[in-house]
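**Q** One structure coming up, written as structure tokens, with questions to follow.
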Amino acid sequence: MKPKPNIFLYDDYRSYIKDWFAWKKGSDQGYSYREFSKQAGFKSPNQLLLVIQNKRGISQNSLKEYVKVLGLKHAEKKYFQLLVDFSQEKNLTKKKNFFKEVSDYRKKKGHHLQAKEYEYLTNWYYAAIRELVMLKDFQEDPTWIAKKLHGLVTAAQAHQAIETLLEIKLLERDNSGNLCHTDQYITTGNETQEVAAFLYHEQMSQITLEALKSKDTSRRNITALTFSVRKEDYDSIVGELNKLRKRIINFVQHRLVQDEDDMLYQLNLQFVPLSVPPKE
């Protein structure tokens with residue numbers, strides 16, 4: 001019999017419930033969604049299935065019933081509630097706070113690798129330092145890295161970033177012992193992706209603002225357009241932005257000279273509404 005799923009390995013409560021149900025059914029072939037509802041005192045026989053399918057959430061009133069049937073106690077119970085709050089919170093600022101709590105909980109529970117991945121997702125300079133490695137004059141010296149990034153990070157932060165990037169295998173060492181990229185990437189649940197994207201763009205927007213104020217126009221290019229469109233034009237414009245992004249990626253990846261880079265740049269594409277949408 002497989003062991004019960006470890007809730008502390010999850011950042012999505014629905015994924016945990018789905019795996020828990022599969023585990024429960026593996027030990028009791030007759031167990032069903034109806035049986036779960038009966039144990040929890042729910043009227044709907046498909047309550048659990050609807051939650052797993054993201055067609056229904058978990059209310060604060062029903063939360064204790066889920067905890068009881070799932071057999072969660074003490075820290076497990078608290079973490080499950082945190083995952084529910086994290087998933088169902090609509091305000092991104094509050095969601096960010098729940099995200100940090102999830103990360104801190106993983107650290108306390110000793111899930112070191114997952115905590116390191118969260119660290120990468122929530123600090124913009126991890127991705128920057130990973131790309132900095134590709135510069136022809138790169139030096140694996142935290143002080144050099146800090147200066148190269150305009151002092152926006154400390155030497156200690158740069159050192160920690162390299163250690164973490166090596167640990168989660170986003171960087172590795174070649175035969176000469178030099179740092180280089182890997183083909184590894186980090187996958188997360190949808191909720192984590194949403195908040196990680198929010199945190200990343202929040203930080204990068206601040207850096208762009210600083211560049212607008214302090215960098216000479218010969219070293220930065222920042223433009224903006226304000227225009228009106230029809231609702232149905234949105235997807236077409238997003239499609240054009242995606243084409244542009246792909247063309248730039250293709251250019252960077254297929255340049256004739258790729259080992260002489262001497263600068264690290266950040267490109268942000270933003271297309272956001274300024275007005276309230278019309279009523280449906």
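Chain lettering (A, B, ...) mirrors the order of the structure tokens, residue numbering begins at 1 for each chain separately, and ligand numbering begins at 1 in order of display.
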Can you list, as a PyMOL selection string, all residues belonging to region 22-237 of chain A that DSSP tags as helix (DSSP H, G or I)?
**A** chain A and resi 22-27+33-40+47-52+60-70+75-88+92-108+112-121+124-132+142-148+155-167+190-214+231-237
**Q** I'd like the contact shell of region 233-241 of chain A - 12 Å cut-off, only C-alpha atoms, skipping same-chain residues fewer than 2 positions apart - returned as a short mmCIF file (atom, residue, chain, number, x, y, z; two decimals) with C-alpha atoms, in the first residue's frame.
**A**
data_model
loop_
_atom_site.label_atom_id
_atom_site.label_comp_id
_atom_site.auth_asym_id
_atom_site.auth_seq_id
_atom_site.Cartn_x
_atom_site.Cartn_y
_atom_site.Cartn_z
CA PHE A 227 -4.80 54.13 -27.53
CA SER A 228 -8.38 52.93 -27.69
CA VAL A 229 -9.42 49.57 -29.13
CA ARG A 230 -12.42 47.30 -29.38
CA LYS A 231 -12.72 44.44 -26.92
CA LYS A 243 5.23 37.32 -32.35
CA LEU A 244 7.60 40.17 -31.47
CA ARG A 245 8.80 38.35 -28.36
CA LYS A 246 9.44 35.18 -30.36
CA ARG A 247 11.33 37.11 -33.05
CA ILE A 248 13.58 38.66 -30.41
CA ASN A 268 9.35 44.22 -20.49
CA LEU A 269 6.25 44.15 -22.69
CA GLN A 270 3.16 45.54 -20.97
CA PHE A 271 -0.33 45.93 -22.37
CA VAL A 272 -2.80 46.80 -19.62
CA PRO A 273 -6.30 48.36 -19.49
#
**Q** For region 87-100 of chain A, list every protein, DNA or RNA residue within 8 Å, evaluated using only C-alpha atoms, and leave out those in the same chain fewer than 3 positions away; present the list as a PDB file with C-alpha atoms, in the first residue's frame.
**A**
ATOM      1  CA  ASP A  12      -2.043  23.394  -4.458  1.00  0.00           C
ATOM      2  CA  TYR A  13      -4.661  21.989  -2.105  1.00  0.00           C
ATOM      3  CA  GLY A  57     -14.064  26.145  -3.523  1.00  0.00           C
ATOM      4  CA  LEU A  82      -3.013  28.134   4.419  1.00  0.00           C
ATOM      5  CA  LEU A  83      -3.129  26.431   0.990  1.00  0.00           C
ATOM      6  CA  VAL A  84      -6.883  27.051   0.774  1.00  0.00           C
ATOM      7  CA  SER A 103       7.398  29.127   1.487  1.00  0.00           C
ATOM      8  CA  ASP A 104       8.274  29.664   5.160  1.00  0.00           C
ATOM      9  CA  GLU A 191      -1.410  29.428  -8.078  1.00  0.00           C
ATOM     10  CA  THR A 192       2.338  29.650  -7.533  1.00  0.00           C
ATOM     11  CA  VAL A 195       1.990  34.960  -7.614  1.00  0.00           C
ATOM     12  CA  PHE A 198       3.192  39.107  -9.890  1.00  0.00           C
ATOM     13  CA  LEU A 199       6.277  39.342  -7.687  1.00  0.00           C
TER      14      LEU A 199
END
**Q** When you look at Lys55 (chain A) with a cut-off of 12 Å (counting only C-alpha atoms), what residues show up, excluding the ones that are within fewer than 5 positions of it in the same chain? I need them as number ranges by chain.
**A** A: 14, 46-50
